[in-house]
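Asker: Below is the structure I would like to discuss, written out as structure tokens.
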Amino acid sequence: MTDLKTKILKYFKLAFLFFPLVCFAQNSSSQWGGMTDIFDSPVGARAMAMGGAYVSVANDPFALYWNPAALDQIPQMGLGFYYSNLPAGTQYNYFSYAYPTLTMGTMSVGILRLSTGDITVRDDDATKLGSTNYSRTLFLFGYGYQMLDWMSLGATFKLERVDLPGYADNSLNVSNITESGFGTDVGILLSPFNSGVLGNVKIGLNIQNFIQRSIRAIEDRETTPRNYRFGLSKTVVMSNPKNYLTFAFEMDVNERQFSNNFNYNIPTQYHMGVEYDFNQNFMLRLGYDMRPDITDTKSAMPTYGFGLKFVGFELDYSYWNGWDSLLGSSHRLSFVMNIGKDREQRLAEIREKEIQRIQEEVYRQKQLERQNAIVSGMARANQFFESKDYARAFTTINKVLTYDESGDDPELADARDLLSRINMAIKKQQEEENLELLKRDQEAAARRRQQQLVEEHYNKAMGYFADEEYPDALLECERALEVEPNSEIVKELRDKITEDLKQKLKELLENAKKFEERGQRYEAVNYYNRARRLARGNKQVESYIANRLNRLELRLNNEDKVRRAAIYERDKNWKEAAALYEDALKSDPNNKELQKKYKATKQRAEARQMKMTPEVKDLYTKGVMAYTKGDFKTALDFYQKALDLQPNNISILRALDAAVEKLRQQKTN
């Protein structure tokens with residue numbers, strides 16, 4: 001029985017290593033039984049129709065397999081399905097789900113499964129011992145993120161679970177052994193060019209098995225080698241923006257191409273493909289899969305296929321004559337189901353909702369401000385009305401009614417009613433006063449004419465008062481009092497106008513003074529002018545405002561002179577600059593800075609060629625020597641001493657200016 005177990009074990013070792021060769025390869029370069037990854041067989045009919053040149057093109061759920069960095073190119077949530085029947089009753093299936101977030105990249109999960117059932121087990125004498133199953137399942141968990149406009153990164157964590165034949169028991173029943181291993185792929189996708197001939201060019205790199213999986217095969221251990229997929233693609237937009245051509249090239253380099261630890265190397269494999277997309281509904285594809293075997297025999301196998309898109313579904317077909325078509329050419333189908341709205345639509349909805357929220361917030365804020373203004377205005381108007389201050393009640397309620405744009409806003413019905421009562425109260429007050437006047441004056445007709453005139457002036461005064469035109473309102477009150485000096489209602493209105501005018505003048509003058517203290521003289525002038533218009537007839541206030549305006553205008557004129565002088569000084573027009581500085585000093589004789597500027601420009605304006613005295617020449621020469629050595633500070637000291645002895649020597653002045661400029665540049669550097 002021990003010898004029989006040994007034979008069975010030996011058989012299973014050979015079967016385990018030989019099985020991928022039988023099912024997956026026409027040549028040695030695609031085996032994993034000690035050579036490459038058993039999951040090297042491509043997935044997705046679109047990729048296969050393009051000859052396997054897909055590492056820089058992938059933009060669907062199959063990107064999880066081809067290049068995780070391309071996951072963030074997937075526009076919307078989707079499912080990808082791929083099913084393939086291989087020789088010897090083997091099935092090769094793929095399923096994946098991709099979920100692109102709005103700002104945090106794209107996540108994806110998938111399953112890749114290779115399985116063969118009902119495998120007959122025989123011993124060395126070809127005696128049937130029983131049957132078993134063989135399966136390998138690869139669980140994929142991927143994430144891709146576009147870090148920059150032109151660069152995306154991604155990684156796929158891979159967990160492999162293997163169900164392989166084990167030992168036979170005493171009754172020759174064969175059990176299976178389960179093994180697990182994990183690894184990682186990493187990828188990058190670049191779009192470095194935005195326009196021109198190289199626009200829409202993408203560069204992709206996927207390092208498969210960056211962290212290598214390791215599976216125990218009975219007593220041996222198999223480790224997946226690293227495989228480097230490098231690809232380029234270029235998309236050309238046709239006359240219709242929805243029609244375009246995509247050209248793709250890919251080169252696969254296995255680490256065993258460079259290894260000296262094996263009896264064979266895996267040659268570099270090349271893939272090329274082209275896709276024509278018509279109206280984003282129908283796609284035609286053509287490709288070449290060039291895979292030399294380990295003897296370096298070149299073979300280029302054509303591939304082609306098409307794709308259909310309709311209402312979120314995509315069906316892809318490829319005629320594949322690739323290296324895994326052991327028994328000849330085969331037909332491959334894959335299916336993609338897109339779910340929900342794409343990322344741009346979701347972002348647009350979020351932006352639209354945010355704009356709507358902001359608009360609603362602004363509207364609510366305006367409504368709140370409007371409501372507060374109405375409530376506070378109504379409260380103050382009622383307070384004035386209850387205290388029989390009808391003038392202020394009238395102006396206050398009219399300000400509230402400015403919010404009544406339609407004239408019949410139900411929310412402002414109380415305000416319109418209050419205005420009516422105020423008008424009635426004013427009219428009643430006027431009528432009561434008229435009656436009293438008529439009782440005292442027998443000349444009823446004259447008194448009526450007189451009262452009409454008073455009413456006209458009073459109503460005009462009320463209108464000016466409401467518009468804060470206080471001088472005109474006071475003038476109308478005075479005219480009314482000229483007609484009727486004893487009119488209490490006019491006197492009361494005049495007192496209120498005078499009180500509000502004083503308050504307004506005080507406010508304007510305080511604001512003007514604040515702006516003046518801050519140096520904002522033009523704003524201060526504006527407030528003083530507004531105050532001067534309201535202070536008409538008030539000699540004391542007018543005189544005060546006139547003095548302040550004169551001082552401000554003087555300061556503004558002086559600043560203008562200094563500004564113009566600085567421009568002349570910059571242009572080395574010393575004479576004009578000195579004249580303006582001198583003119584400015586007349587208004588501000590104690591200004592040290594102006595004195596300094598005037599002295600410097602006047603000195604340069606009067607400079608001339610002069611013969612240097614021996615002492616001056618000695619100082620000048622020392623300055624030149626220091627300047628030549630780059631010691632500009634020492635040179636400046638010597639030039640200044642020489643200039644003190646001959647202030648108008650143009651040569652010394654020019655040398656001094658040059659040293660100052662060099663010293664400034666030196667400090668700046």
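Here, A, B, ... name the chains of the structure tokens in the order displayed, residue numbers run from 1 inside each chain, and ligands are numbered from 1 in the same displayed order.
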I'd like the contact shell of Ile215 in chain A - 10 Å cut-off, only C-alpha atoms, skipping same-chain residues fewer than 4 positions apart - returned as a ChimeraX atom specification.
Answerer: /A:160-162,178-182,220-224
Asker: Could you list, as JSON, numbers by chain, every residue within 9 Å of Ala565 in chain A, counting only C-alpha atoms and ignoring same-chain residues fewer than 4 positions away?
Answerer: {"A": [560, 561, 569, 570, 573, 574, 576, 577, 578, 579, 580, 581]}
Asker: I'd like the contact shell of Gly196 in chain A - 12 Å cut-off, only C-alpha atoms, skipping same-chain residues fewer than 4 positions apart - returned as a list of chain:residue names.
Answerer: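 Final neighbour list, sorted by chain and number: A:Pro192, A:Asn200, A:Val201, A:Lys234, A:Val236.
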Asker: Running DSSP on the backbone, which parts of range 67-210 of chain A land in strand (DSSP E or B), as an MDAnalysis selection string?
Answerer: chainID A and resid 78:86 90:100 106:122 128:148 151:168 174:190 201:210
Asker: Which polymer residues have any atom within 9 Å of an atom of Arg532 in chain A, counting only C-alpha atoms, with same-chain residues fewer than 3 positions away left out, as a list of chain:residue names?
Answerer: A:Leu505, A:Tyr527, A:Tyr528, A:Asn529, A:Ala535, A:Arg536, A:Val541, A:Glu542, A:Ile545, A:Ala546
Asker: Write out as an NGL selection string which residues come within 12 Å of range 592-606 of chain A when counting only C-alpha atoms, dropping same-chain ones fewer than 3 positions away.
Answerer: :A and (558-559 or 561-563 or 565-566 or 568-589 or 609-610 or 643-644 or 646-654 or 656-657)
Asker: Counting only C-alpha atoms, which of A:Asp409, A:Asp289, A:Glu499, A:Glu436 gets nearest to Phe465 in chain A?
Answerer: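 Going through A:Asp409, A:Asp289, A:Glu499, A:Glu436 one by one, the smallest distance to Phe465 in chain A is for A:Glu499.
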Asker: Applying 9 Å and only C-alpha atoms, which residues near range 335-341 of chain A remain after dropping the ones on its own chain fewer than 6 positions away? List them as a PyMOL selection string.
Answerer: chain A and resi 44-45+60-62+75-82+311-317
Asker: As a ChimeraX atom specification, which residues of range 607-663 of chain A does DSSP assign to alpha helix (DSSP H)?
Answerer: /A:614-628,632-645,650-663
Asker: Please write the residues from the selection above to a file, keeping C-alpha atoms, as a JSON list (two decimals), in the first residue's frame.
Answerer:
```
[["chain", "number", "residue", "atom", "x", "y", "z"],
["A", 614, "PRO", "CA", 43.41, 117.85, -3.19],
["A", 615, "GLU", "CA", 41.44, 116.83, -0.10],
["A", 616, "VAL", "CA", 38.28, 116.20, -2.14],
["A", 617, "LYS", "CA", 40.21, 114.35, -4.81],
["A", 618, "ASP", "CA", 41.83, 112.12, -2.19],
["A", 619, "LEU", "CA", 38.43, 111.19, -0.71],
["A", 620, "TYR", "CA", 36.94, 110.65, -4.18],
["A", 621, "THR", "CA", 39.86, 108.39, -5.19],
["A", 622, "LYS", "CA", 39.47, 106.27, -2.03],
["A", 623, "GLY", "CA", 35.78, 105.90, -2.81],
["A", 624, "VAL", "CA", 36.53, 104.76, -6.35],
["A", 625, "MET", "CA", 38.98, 102.13, -5.05],
["A", 626, "ALA", "CA", 36.45, 100.81, -2.53],
["A", 627, "TYR", "CA", 33.74, 100.74, -5.23],
["A", 628, "THR", "CA", 36.06, 98.77, -7.54],
["A", 632, "PHE", "CA", 30.05, 99.86, -1.67],
["A", 633, "LYS", "CA", 29.37, 100.95, 1.92],
["A", 634, "THR", "CA", 32.95, 102.23, 2.38],
["A", 635, "ALA", "CA", 32.80, 103.86, -1.06],
["A", 636, "LEU", "CA", 29.56, 105.57, -0.04],
["A", 637, "ASP", "CA", 31.20, 106.99, 3.12],
["A", 638, "PHE", "CA", 34.14, 108.46, 1.14],
["A", 639, "TYR", "CA", 31.80, 109.93, -1.53],
["A", 640, "GLN", "CA", 29.62, 111.53, 1.16],
["A", 641, "LYS", "CA", 32.63, 113.15, 2.84],
["A", 642, "ALA", "CA", 33.81, 114.48, -0.53],
["A", 643, "LEU", "CA", 30.30, 115.76, -1.28],
["A", 644, "ASP", "CA", 30.19, 117.63, 2.04],
["A", 645, "LEU", "CA", 33.25, 119.60, 0.86],
["A", 650, "ILE", "CA", 28.37, 116.46, -10.45],
["A", 651, "SER", "CA", 31.07, 113.77, -10.63],
["A", 652, "ILE", "CA", 30.82, 113.07, -6.89],
["A", 653, "LEU", "CA", 27.01, 113.04, -7.05],
["A", 654, "ARG", "CA", 26.98, 110.50, -9.89],
["A", 655, "ALA", "CA", 29.50, 108.28, -8.10],
["A", 656, "LEU", "CA", 27.46, 108.53, -4.89],
["A", 657, "ASP", "CA", 24.24, 107.53, -6.72],
["A", 658, "ALA", "CA", 26.01, 104.56, -8.33],
["A", 659, "ALA", "CA", 27.29, 103.34, -4.94],
["A", 660, "VAL", "CA", 23.81, 103.70, -3.40],
["A", 661, "GLU", "CA", 22.27, 101.64, -6.22],
["A", 662, "LYS", "CA", 24.96, 98.92, -5.94],
["A", 663, "LEU", "CA", 24.48, 98.77, -2.17]]
```
Asker: Would you mind reading off the distance between CA of Gln451 in chain A and CA of Arg479 in chain A, one decimal, in Å?
Answerer: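 That distance, rounded to one decimal, is 12.1 Å.
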Asker: Ranking A:Ala445, A:Ile422, A:Ile567, A:Val43 by minimum distance to Ser387 in chain A and counting only C-alpha atoms, which one comes first?
Answerer: A:Ile422
